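A.B. asks: Quick one: the structure is below, and I'll ask about it shortly.
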Amino acid sequence: MKTSPDPRARSGPEGASVSAVQAALRDGALTVRQLVQACLDRIAAYDQAGPRINSIIRINPEALAEADRLDAQLAATGPGRGGQAEPRKLLPLYGVPVLVKDNIETEGLATSAGSPLLEAHVPQEDAFIVRKLREAGAIVLAKTNLHEFANGGETVSTLMGQTLNPYDLRRTPGGSSGGTAAGLAAGFGLLGLGTDTVNSIRSPASACNLVGLRPTMGLVSRAGLIPCGLTHDIIGPITRTVADAAIMMDAMAGHDSADPSTREAGAHIPPGSYTAFLDQGGLQGARIGVLKRFFGNRPEHQAVNAVIQEALAILEGQGAILVGIHDPLDPEELLASTMAHQYEMARDMEAFLAKLPPAVTARSLEGILASGQVHPSVAGAFRTALALAPQQAEYRARLQRQSVLRHRLLDLMARHQLEVLAFPHQRRLVVPVGETQAERNGVLATATGFPAIVIPAGFSTPDTEAPQGVPIGIEFLGRPFSEPILFRLTHAAEQALPARKNPHTTPAPARSGHR
């Protein structure tokens, strides 16, 4: 893939890509400290001040020191612009600030899942995925708010309260990875790390005008994740571009002996880089199945339908072959019949809690409920999980239905010769603060373990509170380990649309440049 330096890297982190930052570091136009400081300045201006996005739980106190260390290493390699025949080679994520959802363990930095009961949990080592990102040169800048214990779609926690959507402060940012998404949209970091049990990477990506990838189950380690239910839990990237998601996956994908599900991951990682599949002409001749049952037909669905239909027409104009699929797959029925995480929650979460140091007193769902220090929406989920845990016959039946669904989707795609399925991630606009998330379509990937990616499709009609409109995302689902195909198609779609905008509530500084 050929890339050109992005001049936005020189104006601040709110629009810069990884490739732009790398180019600016190589030619001496930017230092890692300047980049990290710019992100910290934006957090100070917009997270607990200004619009009060409320996305950051804690900042890494060592972030600037890590930036200085990387700058010193870079300086030791010699001069930048005009000073050497060959450009300096950098690690793929050298100096890139990453926002990490606070249910993923980070060495020396508390991992609380948004709960005061876990604030004393300060891991002695990184989650496997965090370690891989650091080895690629990234800096963990901050831990982000989430729907407490990743058990909801609105991103509200006892520890931090409600995170707001920077495109419309009346609305939630989706969830449960909404702190990562809102912070990334606002320019508090360049890349984000989220988790997805039902919709939790793709929902905030859709709501915050971002790219969110739920990888194939078994491609990325979950070790170091506070679980909700390991049949469905996965970690994945949230980014501003498809290219940045591909770069993150280069670092993240692979075998981890601590997560047996990844034992065959290496066989499915393409040689070289996922970025090799980014192709601006990648839609030409691509057969895309459009799931008609995943669109709504009531007045509240019209804003989403209009944007998605226009986006699909643009993709068709780029050479994609759209195939209408009228299969009676019903997202609400699938949610009710195939999801297994609540049957596993007590078992998997309590196994994780049992390993925590004595300073953390929470050891069971019953104990968390008895403490009275849990958000009401999460308390209801925990009570449901405790009631469902003994129902092993129904749990096994759900696992069997998941298997049937996998075969059904593979057969459907084979019969219609499809590369991917496409549909709106959410059938209506992301909900206002105080309402429960509704009519999301992420269940297909969750129930099957197939990969799915959301990219920005466009915005609803603007109004006085949302002068840009509300972001709307389109989801693409592929066969297992088809991430290269997803990257090819969605990179081309991203270039054709293009729907990415920075939010009006967190503008760039009046003067460009870095401290």
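In the structure tokens, the first chain shown is A, the next is B, and so on; residue numbers restart at 1 for each chain, and ligands run from 1 in the order shown.
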Any idea what's packed within 12 Å of Gly272 in chain A, counting only C-alpha atoms, ignoring anything in its chain fewer than 2 positions away? Could you give it as a ChimeraX atom specification?

C.D. replies: /A:1,246-247,249-251,269-270,274-277,484

A.B. asks: Produce a file of the selected residues containing C-alpha atoms, as a PDB file, in the first residue's frame.

C.D. replies:
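Once everything was written out, this is selection_1.pdb:
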```
ATOM      1  CA  MET A   1       0.000   0.000   0.000  1.00  0.00           C
ATOM      2  CA  ALA A 246      -5.315  -2.873   9.635  1.00  0.00           C
ATOM      3  CA  ILE A 247      -2.087  -1.567  11.199  1.00  0.00           C
ATOM      4  CA  MET A 249      -4.386  -5.874  13.607  1.00  0.00           C
ATOM      5  CA  ASP A 250      -0.837  -6.503  12.403  1.00  0.00           C
ATOM      6  CA  ALA A 251       0.256  -6.003  16.009  1.00  0.00           C
ATOM      7  CA  ILE A 269      -2.662 -14.331   9.428  1.00  0.00           C
ATOM      8  CA  PRO A 270      -1.612 -13.222   5.944  1.00  0.00           C
ATOM      9  CA  TYR A 274      -3.047  -6.583   6.550  1.00  0.00           C
ATOM     10  CA  THR A 275      -2.384  -3.198   4.962  1.00  0.00           C
ATOM     11  CA  ALA A 276      -1.358  -4.999   1.751  1.00  0.00           C
ATOM     12  CA  PHE A 277      -5.065  -5.606   1.124  1.00  0.00           C
ATOM     13  CA  PRO A 484      -8.225  -9.241   4.414  1.00  0.00           C
TER      14      PRO A 484
END
```

A.B. asks: Give me the residues near Thr436 in chain A as JSON, numbers by chain, where near means some atom within 9 Å (using only C-alpha atoms) and where sequence neighbours in that chain fewer than 3 positions away do not count.

C.D. replies: {"A": [152, 153, 154, 431, 432, 433]}

A.B. asks: Neighbours of range 322-337 of chain A within 9 Å (only C-alpha atoms; same-chain residues fewer than 4 positions away dropped), as JSON, numbers by chain?

C.D. replies: {"A": [198, 286, 287, 288, 289, 290, 291, 292, 293, 294, 312, 313, 315, 316, 397, 398, 401, 402, 412, 416, 418, 421, 439, 440, 441, 442, 443, 444, 447]}

A.B. asks: Go through A:Gly473, A:Pro507, A:Pro299, A:Gly229 one by one, measure the shortest atom-to-atom distance of each to Pro204 in chain A using only C-alpha atoms, and give the residue with the smallest value.

C.D. replies: A:Gly473

A.B. asks: Just the number, please: distance in Å from CA of Gly266 in chain A to CA of Val100 in chain A, one decimal.

C.D. replies: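 Separation of CA of Gly266 in chain A and CA of Val100 in chain A: 24.4 Å.
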
A.B. asks: Residues near Leu91 in chain A, anyone? I mean within 8 Å using only C-alpha atoms, not counting same-chain ones fewer than 2 positions away, as a list of chain:residue names.

C.D. replies: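 The residues that qualify are A:Lys89, A:Leu93, A:Tyr94, A:Ala136, A:Gly137.
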
A.B. asks: For a quick check of understanding, using only C-alpha atoms, which of A:Ala29, A:Leu191, A:Cys208, A:Leu230 has the smallest distance to Arg171 in chain A?

C.D. replies: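 The shortest atom-to-atom distance to Arg171 in chain A comes from A:Cys208.
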
A.B. asks: Separation of CA of Thr172 in chain A and CA of Val430 in chain A, in Å?

C.D. replies: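 Calculated distance between CA of Thr172 in chain A and CA of Val430 in chain A is 6.8 Å.
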
A.B. asks: Looking only at helix (DSSP H, G or I) from DSSP on the backbone, list the matching residues of range 361-507 of chain A as a PyMOL selection string.

C.D. replies: chain A and resi 365-371+376-388+392-415+443-448+483-496

A.B. asks: Using only C-alpha atoms, find each residue in range 124-233 of chain A having at least one atom no more than 10 Å away from range 371-379 of chain A; report its shortest atom-to-atom pair and that distance in Å (one decimal), rows by chain then rising number, as JSON lines.

C.D. replies:
```
{"residue": "A:His147", "atom": "CA", "partner": "A:Val378", "partner_atom": "CA", "distance": 8.4}
{"residue": "A:Glu148", "atom": "CA", "partner": "A:Val378", "partner_atom": "CA", "distance": 6.8}
{"residue": "A:Phe149", "atom": "CA", "partner": "A:Val378", "partner_atom": "CA", "distance": 7.6}
{"residue": "A:Ala150", "atom": "CA", "partner": "A:Val378", "partner_atom": "CA", "distance": 8.8}
{"residue": "A:Asn151", "atom": "CA", "partner": "A:Val378", "partner_atom": "CA", "distance": 6.0}
{"residue": "A:Gly152", "atom": "CA", "partner": "A:Val378", "partner_atom": "CA", "distance": 7.2}
{"residue": "A:Glu154", "atom": "CA", "partner": "A:Ser377", "partner_atom": "CA", "distance": 9.9}
{"residue": "A:Val156", "atom": "CA", "partner": "A:His375", "partner_atom": "CA", "distance": 8.0}
{"residue": "A:Ser157", "atom": "CA", "partner": "A:His375", "partner_atom": "CA", "distance": 6.2}
{"residue": "A:Thr158", "atom": "CA", "partner": "A:His375", "partner_atom": "CA", "distance": 5.5}
{"residue": "A:Leu159", "atom": "CA", "partner": "A:Val374", "partner_atom": "CA", "distance": 9.0}
{"residue": "A:Gly161", "atom": "CA", "partner": "A:His375", "partner_atom": "CA", "distance": 9.3}
```

A.B. asks: So that I can check the surroundings of Ile308 in chain A, please list as an MDAnalysis selection string every protein, DNA and RNA residue that reaches within 7 Å of it, counting only C-alpha atoms and ignoring chain neighbours fewer than 5 positions away.

C.D. replies: chainID A and resid 424 457 474

A.B. asks: Hey, which of A:Ile129, A:Ala113, A:Ala182, A:Ala493 ends up closest to Ile314 in chain A? Count only C-alpha atoms.

C.D. replies: A:Ala493

A.B. asks: CA of Val130 in chain A and CA of Ile226 in chain A are how many Å apart?

C.D. replies: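 These two atoms are separated by 13.7 Å.
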
A.B. asks: Excluding Asn502 in chain A and any residue of its chain fewer than 4 positions from it, enumerate the residues within 10 Å of it, using only C-alpha atoms, and give them as a list in words.

C.D. replies: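 The residues that qualify are Glu14, Gly15, Pro166, Tyr167, Leu184, Ala185, Ala186, Gly187, Cys208, Asn209, Leu210, Arg240, Gln468, Thr506, Pro507 and Ala508 of chain A.
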